[in-house]
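Undergrad: Structure incoming, see below.
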Amino acid sequence: MTARAHPIGGVILAVEGVSLAFGGVQALREVSFDVREHEVRAIIGPNGAGKSSMLNVINGVYHPQQGTIRYLGREYHDMDSHEVAASGISRTFQNLALFKGMTVLDNIMAGRNLKMRTNLLLQALRIGPALREELEHREAVERIIDFLEIQAYRKIPVGRLPYGLQKRVDLARALAMEPRLLLLDEPMAGMNVEEKQDMCRFILDVNDQFGTTIVLIEHDMGVVMDISDRVVVLDYGRKIGDGTPDDVRANQAVIDAYLGVSH
Amino acid sequence: MRKNWPVLALGAALLVGLALPLATGASSLGFYIEVLLGGLMTGVLYSLVALGFALIFKASGVFNFAQGAMVLFAALAVARLAEAVPLWLAIVLATAIMVALAWVIERVVLRPLVNQEGVTLLMATLGVTYFLDGFGQTVWGSDIYKIDLGIAKEPVMILEKLFEGGILVNKEDFLVAMVAAGLVAGLTLFFQKTATGRALRAVADDHQAAQSVGIPLNHIWVIIWSVAGFVALVAGVIWGSQLGVQFSLAQVALKALPVVILGGFTSIAGAIVGGLIIGVGEKMAEVFLGPVLVKAFDLAGGGIENWFAYVLALLFLLVRPEGLFGEKHIDRV
């Protein structure tokens with residue numbers, strides 16, 4: 001790998017001893033790991049390992065029964081999704097949660113919501129600061145549209161786009177928030193080889209150009225190993241491996257989890 | 001396109017029904033236009049109530065049964081406040097009351113029930129309906145009150161030269177139509193052109209995704225219920241000035257139900273067009289279909305106004321369940 005524009009820095013997110021249960025189902029058991037600034041951190045594991053639960057805990061959708069999450073040195077408890085978003089963490093969804101009736105442009109502009117400051121009346125009349133603000137945000141959004149190569153689809157309602165492009169709009173909307181930490185929930189799920197390669201390239205470019213720290217979930221090990229700096233492996237809600245892709249590949253517990261062994 | 005024939009057939013039947021009284025010479029042109037205008041005016045009022053339904057359903061997926069009660073409550077507030085202060089101030093104060101009400105409903109009813117089934121929320125709004133009906137009487141009293149907009153009510157005769165007998169119209173009716181049009185234009189602008197409007201549409205589309213980009217659901221719900229409260233106030237003032245502010249205003253909400261079915265639950269344009277279709281349709285049916293039924297089948301012939309809207313809505317559910325302007329749901333499997 002060539003020298004990075006944004007060298008990996010200190011820990012910005014620390015997950016410590018997190019346990020999460022839904023009734024009798026233990027989704028996560030005392031999981032701990034950290035994420036360093038500017039790195040691409042993957043969470044992998046077989047189906048049902050607790051990957052999505054982990055992401056939803058970080059994102060504030062679920063509140064863990066035990067353990068803490070420290071973001072930028074501050075512990076957070078029971079934060080709602082929108083509060084997490086306001087603190088600079090954005091995400092994409094495994095099963096696309098786009099605003100289907102709205103155009104690509106409006107979807108991405110909605111991602112700028114937190115950055116809008118002018119009041120309602122000025123917005124409605126489109127005068128003064130409101131117009132200037134709208135234009136500024138529009139410019140930022142145009143840069144993202146160029147970056148993800150979706151110029152041709154600006155005015156099309158998202159619901160009509162093919163799946164691979166919808167995934168890209170989902171990423172665009174998350175990027176529009178200019179997040180410091182970006183959570184990607186199975187960004188490659190359901191894609192063909194070519195779309196996967198595109199998505200890998202975009203993820204690496206985001207990390208490289210904006211220095212965005214990325215936490216991504218994936219169950220396809222091959223893809224992850226190529227683009228991640230460090231990998232956490234979950235199985236049945238427990239952490240069974242943590243380290244560089246090479247470490248993880250050589251880890252016997254990980255191999256067993258993926259290939260299956262008789263316990 | 002082939003599948004659209006039931007919709008086209010229904011539309012054609014309505015148009016034929018609309019044209020028949022004139023074509024058969026059952027009515028003079030002047031009288032016909034009077035009935036038509038009367039229907040449109042009633043339709044505008046239905047539209048205003050339906051608009052409140054559509055707004056809340058669009059943004060929160062809640063079918064707000066209490067919209068009619070909100071109309072009554074707002075109208076009572078304006079009528080009683082106007083006894084003490086000038087009308088414009090009464091309207092401003094009542095608007096503030098409706099915003100406060102929206103805030104309380106969000107806090108006490110919606111927030112604890114977030115992510116519950118639609119039926120649960122519907123039942124909750126049913127509860128809000130009865131609470132508002134009663135609470136309105138507790139606070140404002142249960143007599144019939146009047147709201148005086150200060151506009152001459154006596155009808156004016158226009159176009160006397162064109163038709164024998166001319167057409168009787170009412171100045172206030174025109175004002176009402178203008179207000180409704182202005183309200184719709186304003187709301188459309190708000191939804192399509194402002195960042196807040198975009199956030200509202202985003203919430204309407206997907207709650208979780210909206211939260212993930214930092215849109216706080218609670219604020220959005222307060223805003224949308226406030227807007228619906230304001231729309232209820234406009235409807236209440238107009239209706240109240242024509243019929244007097246009384247308990248039966250709340251029943252108007254039941255007429256708005258077929259309107260939203262016809263227009264599509266999530267569509268502002270649908271609420272307006274649906275209201276006009278039902279307003280005109282039921283008036284026409286009452287005036288022109290009634291006598292035909294009397295003659296042909298020896299029925300009593302009255303009361304068509306009461307069921308026409310529902311039969312039409314039922315037919316629409318059969319041929320076009322998403323309504324005229326509703327979003328058709330295509331699920332990817």
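Scheme for the structure tokens: letters A, B, ... for chains in order shown; per-chain residue numbers from 1; ligand numbers from 1 in order shown.
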Give me the residues near range 234-241 of chain A as a VMD selection string, where near means some atom within 7 Å (using only C-alpha atoms) and where sequence neighbours in that chain fewer than 2 positions away do not count.
TA: chain A and resid 27 to 29 31 44 to 46 48 to 51 232 243 248 253 to 254 257
Undergrad: Would you output that residue set with C-alpha atoms, as a PDB file, in the first residue's frame?
TA:
```
ATOM      1  CA  ALA A  27     -27.276 -10.941  20.344  1.00  0.00           C
ATOM      2  CA  LEU A  28     -24.006  -9.579  21.718  1.00  0.00           C
ATOM      3  CA  ARG A  29     -21.917 -10.862  24.624  1.00  0.00           C
ATOM      4  CA  VAL A  31     -17.937  -7.334  22.872  1.00  0.00           C
ATOM      5  CA  ILE A  44     -17.314  -9.749   9.877  1.00  0.00           C
ATOM      6  CA  GLY A  45     -18.944 -12.988  10.897  1.00  0.00           C
ATOM      7  CA  PRO A  46     -21.331 -15.643   9.664  1.00  0.00           C
ATOM      8  CA  GLY A  48     -26.572 -14.199  12.837  1.00  0.00           C
ATOM      9  CA  ALA A  49     -23.217 -13.399  14.418  1.00  0.00           C
ATOM     10  CA  GLY A  50     -24.474 -10.049  15.730  1.00  0.00           C
ATOM     11  CA  LYS A  51     -22.858  -7.755  13.171  1.00  0.00           C
ATOM     12  CA  VAL A 232     -13.195  -7.766  14.105  1.00  0.00           C
ATOM     13  CA  GLY A 243      -6.465  -7.849  14.044  1.00  0.00           C
ATOM     14  CA  VAL A 248      -7.572 -12.940  11.160  1.00  0.00           C
ATOM     15  CA  ALA A 253     -11.258 -19.868  15.707  1.00  0.00           C
ATOM     16  CA  VAL A 254     -12.201 -17.746  12.710  1.00  0.00           C
ATOM     17  CA  ALA A 257     -16.531 -20.331  12.581  1.00  0.00           C
TER      18      ALA A 257
END
```
Undergrad: Within 9 Å of chain A, which residues of chain B come that close, and what is the closest atom pair and distance in Å for each? Count only C-alpha atoms and give it as a tab-separated table.
TA:
```
residue	atom	partner	partner_atom	distance
B:Gly186	CA	A:Ala124	CA	8.7
B:Leu189	CA	A:Ala124	CA	6.8
B:Phe190	CA	A:Ala124	CA	6.0
B:Lys193	CA	A:Ala124	CA	6.5
B:Thr194	CA	A:Gln123	CA	5.2
B:Ala195	CA	A:Gln123	CA	7.0
B:Thr196	CA	A:Leu120	CA	7.0
B:Arg198	CA	A:Ala110	CA	6.5
B:Ala199	CA	A:Ala110	CA	6.3
B:Arg201	CA	A:Met102	CA	7.8
B:Ala202	CA	A:Phe99	CA	5.7
B:Val203	CA	A:Phe99	CA	8.2
B:Ala204	CA	A:Phe99	CA	8.2
B:Asp205	CA	A:Phe99	CA	5.0
B:Asp206	CA	A:Phe99	CA	6.0
B:His207	CA	A:Ala97	CA	8.8
B:Gln208	CA	A:Ala97	CA	7.4
B:Ala209	CA	A:Ala97	CA	5.5
B:Ala210	CA	A:His82	CA	8.1
B:Gln211	CA	A:His82	CA	4.7
B:Ser212	CA	A:Ser81	CA	5.5
B:Val213	CA	A:Gly111	CA	5.3
B:Gly214	CA	A:His82	CA	3.9
B:Ile215	CA	A:His82	CA	5.8
B:Pro216	CA	A:His82	CA	5.7
B:Leu217	CA	A:His82	CA	8.3
B:Glu327	CA	A:Gly101	CA	8.3
```
Undergrad: Can you tell me, as JSON, numbers by chain, what residues are no more than 6 Å from range 265-280 of chain B when counting only C-alpha atoms, ignoring any on the same chain fewer than 6 positions away?
TA: {"B": [39, 40, 42, 43, 46, 47, 50, 51, 54, 58, 259, 309, 325, 326]}
Undergrad: List as a VMD selection string the protein and nucleic acid residues near Gly38 in chain B, meaning an atom at most 12 Å away when only C-alpha atoms are counted, but skip any in the same chain fewer than 6 places from it.
TA: chain B and resid 31 to 32 44 to 45 167 to 170 173 to 174 177 276 278 to 284 286 to 287
Undergrad: Deliver the residues from the most recent selection as a file, using N, CA and C atoms, as a JSON list (two decimals), in the first residue's frame.
TA:
```
[["chain", "number", "residue", "atom", "x", "y", "z"],
["B", 31, "PHE", "N", -79.81, 27.27, -13.12],
["B", 31, "PHE", "CA", -80.00, 26.46, -11.92],
["B", 31, "PHE", "C", -78.89, 25.43, -11.79],
["B", 32, "TYR", "N", -78.55, 24.85, -12.94],
["B", 32, "TYR", "CA", -77.50, 23.83, -12.97],
["B", 32, "TYR", "C", -76.19, 24.40, -12.43],
["B", 44, "VAL", "N", -64.96, 22.36, -1.20],
["B", 44, "VAL", "CA", -63.78, 23.04, -0.67],
["B", 44, "VAL", "C", -63.64, 22.79, 0.83],
["B", 45, "LEU", "N", -64.79, 22.82, 1.52],
["B", 45, "LEU", "CA", -64.74, 22.59, 2.97],
["B", 45, "LEU", "C", -64.33, 21.15, 3.29],
["B", 167, "ILE", "N", -77.79, 33.86, -11.74],
["B", 167, "ILE", "CA", -77.22, 32.87, -10.82],
["B", 167, "ILE", "C", -77.04, 33.52, -9.46],
["B", 168, "LEU", "N", -77.49, 32.84, -8.43],
["B", 168, "LEU", "CA", -77.31, 33.37, -7.09],
["B", 168, "LEU", "C", -75.96, 32.92, -6.54],
["B", 169, "VAL", "N", -75.10, 33.88, -6.20],
["B", 169, "VAL", "CA", -73.84, 33.50, -5.57],
["B", 169, "VAL", "C", -73.64, 34.30, -4.29],
["B", 170, "ASN", "N", -72.66, 33.87, -3.53],
["B", 170, "ASN", "CA", -72.42, 34.41, -2.21],
["B", 170, "ASN", "C", -70.97, 34.89, -2.15],
["B", 173, "ASP", "N", -68.52, 32.80, -0.25],
["B", 173, "ASP", "CA", -68.09, 31.57, -0.90],
["B", 173, "ASP", "C", -66.82, 31.79, -1.72],
["B", 174, "PHE", "N", -66.78, 32.93, -2.40],
["B", 174, "PHE", "CA", -65.60, 33.20, -3.21],
["B", 174, "PHE", "C", -64.37, 33.40, -2.34],
["B", 177, "ALA", "N", -63.11, 30.09, -1.28],
["B", 177, "ALA", "CA", -62.38, 29.40, -2.34],
["B", 177, "ALA", "C", -60.96, 29.96, -2.45],
["B", 276, "LEU", "N", -63.55, 18.20, -3.99],
["B", 276, "LEU", "CA", -64.41, 18.84, -5.00],
["B", 276, "LEU", "C", -65.31, 17.82, -5.69],
["B", 278, "ILE", "N", -66.37, 14.97, -4.55],
["B", 278, "ILE", "CA", -67.43, 14.49, -3.65],
["B", 278, "ILE", "C", -68.45, 15.60, -3.37],
["B", 279, "GLY", "N", -67.97, 16.83, -3.18],
["B", 279, "GLY", "CA", -68.88, 17.95, -2.95],
["B", 279, "GLY", "C", -69.87, 18.12, -4.10],
["B", 280, "VAL", "N", -69.32, 18.15, -5.32],
["B", 280, "VAL", "CA", -70.17, 18.33, -6.49],
["B", 280, "VAL", "C", -71.05, 17.11, -6.70],
["B", 281, "GLY", "N", -70.42, 15.93, -6.60],
["B", 281, "GLY", "CA", -71.13, 14.68, -6.86],
["B", 281, "GLY", "C", -72.37, 14.53, -5.97],
["B", 282, "GLU", "N", -72.18, 14.75, -4.66],
["B", 282, "GLU", "CA", -73.31, 14.49, -3.77],
["B", 282, "GLU", "C", -74.41, 15.54, -3.93],
["B", 283, "LYS", "N", -73.99, 16.77, -4.22],
["B", 283, "LYS", "CA", -75.01, 17.81, -4.42],
["B", 283, "LYS", "C", -75.82, 17.53, -5.68],
["B", 284, "MET", "N", -75.12, 17.18, -6.75],
["B", 284, "MET", "CA", -75.78, 16.86, -8.02],
["B", 284, "MET", "C", -76.73, 15.68, -7.84],
["B", 286, "GLU", "N", -78.12, 14.58, -5.11],
["B", 286, "GLU", "CA", -79.26, 14.95, -4.27],
["B", 286, "GLU", "C", -80.32, 15.70, -5.07],
["B", 287, "VAL", "N", -79.84, 16.68, -5.83],
["B", 287, "VAL", "CA", -80.80, 17.55, -6.52],
["B", 287, "VAL", "C", -81.41, 16.88, -7.74]]
```
Undergrad: Which residues are near range 232-246 of chain B? Cut-off 10 Å, only C-alpha atoms, ignore same chain within fewer than 3 positions. Put them as a PyMOL selection string.
TA: chain B and resi 42+44-53+67-80+91+94-95+98+142-151+153+172-173+175-176+179-180+183+226-229+249-250+252
Undergrad: Give me every alpha helix (DSSP H) residue in range 74-188 of chain B, going by DSSP on the backbone, as JSON, numbers by chain.
TA: {"B": [74, 75, 76, 77, 78, 79, 80, 81, 87, 88, 89, 90, 91, 92, 93, 94, 95, 96, 97, 98, 99, 100, 101, 102, 103, 104, 105, 118, 119, 120, 121, 122, 123, 124, 125, 126, 127, 128, 129, 130, 131, 132, 133, 134, 135, 136, 137, 138, 139, 140, 171, 172, 173, 174, 175, 176, 177, 178, 179, 180, 181, 182, 183, 184, 185, 186, 187, 188]}
Undergrad: Include C-alpha atoms and write out the residues we just selected as a JSON list (two decimals), in the first residue's frame.
TA:
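Heads up, here's the output in again13.json:
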```json
[["chain", "number", "residue", "atom", "x", "y", "z"],
["B", 74, "ALA", "CA", -60.40, 25.31, 16.83],
["B", 75, "ALA", "CA", -63.71, 26.78, 15.71],
["B", 76, "LEU", "CA", -64.95, 26.92, 19.32],
["B", 77, "ALA", "CA", -61.73, 28.61, 20.40],
["B", 78, "VAL", "CA", -62.04, 31.27, 17.69],
["B", 79, "ALA", "CA", -65.74, 31.86, 18.32],
["B", 80, "ARG", "CA", -65.40, 32.26, 22.06],
["B", 81, "LEU", "CA", -62.18, 34.29, 21.96],
["B", 87, "LEU", "CA", -61.39, 38.46, 15.25],
["B", 88, "TRP", "CA", -57.85, 38.59, 13.89],
["B", 89, "LEU", "CA", -56.42, 38.36, 17.41],
["B", 90, "ALA", "CA", -58.79, 35.51, 18.22],
["B", 91, "ILE", "CA", -57.47, 33.64, 15.19],
["B", 92, "VAL", "CA", -53.86, 34.25, 16.20],
["B", 93, "LEU", "CA", -54.54, 33.08, 19.76],
["B", 94, "ALA", "CA", -56.44, 30.03, 18.55],
["B", 95, "THR", "CA", -53.51, 29.17, 16.26],
["B", 96, "ALA", "CA", -51.22, 29.29, 19.27],
["B", 97, "ILE", "CA", -53.62, 27.00, 21.11],
["B", 98, "MET", "CA", -53.57, 24.51, 18.22],
["B", 99, "VAL", "CA", -49.75, 24.52, 18.19],
["B", 100, "ALA", "CA", -49.72, 23.88, 21.92],
["B", 101, "LEU", "CA", -52.23, 21.09, 21.39],
["B", 102, "ALA", "CA", -49.96, 19.54, 18.73],
["B", 103, "TRP", "CA", -47.07, 19.63, 21.19],
["B", 104, "VAL", "CA", -49.12, 17.98, 23.92],
["B", 105, "ILE", "CA", -50.42, 15.27, 21.58],
["B", 118, "GLY", "CA", -51.23, 1.47, 12.95],
["B", 119, "VAL", "CA", -54.33, 0.18, 14.71],
["B", 120, "THR", "CA", -52.95, 1.17, 18.10],
["B", 121, "LEU", "CA", -52.31, 4.68, 16.88],
["B", 122, "LEU", "CA", -55.74, 4.87, 15.28],
["B", 123, "MET", "CA", -57.31, 3.88, 18.60],
["B", 124, "ALA", "CA", -55.22, 6.52, 20.33],
["B", 125, "THR", "CA", -56.48, 9.22, 17.96],
["B", 126, "LEU", "CA", -60.00, 7.93, 18.55],
["B", 127, "GLY", "CA", -59.36, 8.62, 22.22],
["B", 128, "VAL", "CA", -58.05, 12.08, 21.37],
["B", 129, "THR", "CA", -61.28, 12.67, 19.41],
["B", 130, "TYR", "CA", -63.52, 12.04, 22.38],
["B", 131, "PHE", "CA", -61.23, 13.93, 24.71],
["B", 132, "LEU", "CA", -61.26, 16.99, 22.44],
["B", 133, "ASP", "CA", -65.03, 16.81, 21.93],
["B", 134, "GLY", "CA", -65.60, 16.82, 25.66],
["B", 135, "PHE", "CA", -62.75, 19.09, 26.65],
["B", 136, "GLY", "CA", -63.87, 21.63, 24.07],
["B", 137, "GLN", "CA", -67.27, 21.77, 25.78],
["B", 138, "THR", "CA", -65.66, 21.97, 29.20],
["B", 139, "VAL", "CA", -63.55, 24.95, 28.23],
["B", 140, "TRP", "CA", -65.67, 26.76, 25.69],
["B", 171, "LYS", "CA", -69.45, 36.70, -1.73],
["B", 172, "GLU", "CA", -68.21, 34.71, 1.20],
["B", 173, "ASP", "CA", -68.09, 31.57, -0.90],
["B", 174, "PHE", "CA", -65.60, 33.20, -3.21],
["B", 175, "LEU", "CA", -63.46, 34.31, -0.32],
["B", 176, "VAL", "CA", -63.52, 30.76, 1.00],
["B", 177, "ALA", "CA", -62.38, 29.40, -2.34],
["B", 178, "MET", "CA", -59.53, 31.92, -2.46],
["B", 179, "VAL", "CA", -58.42, 31.06, 1.08],
["B", 180, "ALA", "CA", -58.44, 27.35, 0.28],
["B", 181, "ALA", "CA", -56.44, 27.90, -2.90],
["B", 182, "GLY", "CA", -53.94, 30.07, -1.02],
["B", 183, "LEU", "CA", -53.57, 27.48, 1.70],
["B", 184, "VAL", "CA", -52.89, 24.71, -0.79],
["B", 185, "ALA", "CA", -50.38, 26.82, -2.70],
["B", 186, "GLY", "CA", -48.61, 27.72, 0.53],
["B", 187, "LEU", "CA", -48.46, 24.12, 1.72],
["B", 188, "THR", "CA", -47.18, 22.90, -1.62]]
```
Undergrad: Need the shell around Ile150 in chain A: protein/DNA/RNA residues with any atom at most 12 Å away, counting only C-alpha atoms. Skip same-chain ones fewer than 3 positions apart. Format as a list in words?
TA: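 Contacts, with the query itself left out: Val104, Leu105, Ile108, Val141, Glu142, Arg143, Ile144, Ile145, Asp146, Phe147, Tyr153, Arg154, Lys155, Ile156, Val158, Leu161, Gly164, Leu165, Gln166, Lys167, Arg168, Val169, Asp170, Leu171 and Ala172 of chain A.
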Undergrad: Would you kindly return, as a list in words, each protein, DNA or RNA residue with an atom no farther than 10 Å from any atom of Asp198 in chain A, considering only C-alpha atoms and excluding same-chain residues fewer than 2 positions away?
TA: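 Final neighbour list, sorted by chain and number: Leu148, Gly164, Arg168, Met188, Val193, Glu194, Glu195, Lys196, Cys200, Arg201, Phe202 and Ile203 of chain A.
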Undergrad: With N, CA, C and O atoms retained, write the just-selected residues as a compact mmCIF listing (two decimals), in the first residue's frame.
TA:
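Result file follows (result20.txt):
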```
# COMPACT_ATOMS: atom_id res chain seq x y z
N LEU A 148 -19.46 10.11 -6.76
CA LEU A 148 -20.02 8.76 -6.85
C LEU A 148 -20.55 8.45 -8.25
O LEU A 148 -21.19 7.42 -8.46
N GLY A 164 -28.13 -1.56 -7.47
CA GLY A 164 -26.75 -1.13 -7.28
C GLY A 164 -26.64 0.39 -7.15
O GLY A 164 -25.89 0.91 -6.32
N ARG A 168 -25.69 3.18 -4.03
CA ARG A 168 -24.77 4.30 -4.18
C ARG A 168 -25.41 5.59 -3.65
O ARG A 168 -24.73 6.43 -3.06
N MET A 188 -22.00 -4.26 0.16
CA MET A 188 -21.86 -5.05 -1.06
C MET A 188 -22.95 -6.10 -1.21
O MET A 188 -22.96 -6.84 -2.19
N VAL A 193 -20.38 -8.84 -9.35
CA VAL A 193 -18.95 -8.63 -9.15
C VAL A 193 -18.52 -7.21 -9.52
O VAL A 193 -17.78 -6.56 -8.79
N GLU A 194 -19.06 -6.75 -10.64
CA GLU A 194 -18.65 -5.43 -11.12
C GLU A 194 -19.10 -4.33 -10.15
O GLU A 194 -18.33 -3.43 -9.80
N GLU A 195 -20.35 -4.45 -9.67
CA GLU A 195 -20.86 -3.46 -8.71
C GLU A 195 -20.06 -3.49 -7.42
O GLU A 195 -19.78 -2.46 -6.81
N LYS A 196 -19.66 -4.71 -7.02
CA LYS A 196 -18.86 -4.83 -5.81
C LYS A 196 -17.53 -4.11 -5.96
O LYS A 196 -17.07 -3.42 -5.04
N CYS A 200 -16.18 -1.06 -3.68
CA CYS A 200 -14.88 -1.10 -2.99
C CYS A 200 -14.07 0.14 -3.30
O CYS A 200 -13.47 0.76 -2.42
N ARG A 201 -14.04 0.48 -4.59
CA ARG A 201 -13.27 1.65 -5.02
C ARG A 201 -13.80 2.91 -4.32
O ARG A 201 -13.04 3.73 -3.81
N PHE A 202 -15.16 3.06 -4.29
CA PHE A 202 -15.74 4.25 -3.65
C PHE A 202 -15.39 4.30 -2.17
O PHE A 202 -15.05 5.36 -1.64
N ILE A 203 -15.46 3.15 -1.50
CA ILE A 203 -15.18 3.14 -0.07
C ILE A 203 -13.73 3.57 0.19
O ILE A 203 -13.45 4.41 1.05
```
Undergrad: If you run DSSP over the backbone, which residues in range 148-295 of chain B end up strand (DSSP E or B)? Put them as a VMD selection string.
TA: chain B and resid 156 to 158 167 to 169 245
Undergrad: Would you mind telling me which residue in B:Val114, B:Leu312, B:Gly323, B:Val156 lies nearest to Ala13 in chain B when using only C-alpha atoms?
TA: B:Leu312
Undergrad: Restricting the calculation to only C-alpha atoms: of A:Pro157, A:Met79, A:Glu178, A:Tyr258, which residue gets closest to His137 in chain A?
TA: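 Ranked by minimum distance to His137 in chain A, first place goes to A:Glu178.
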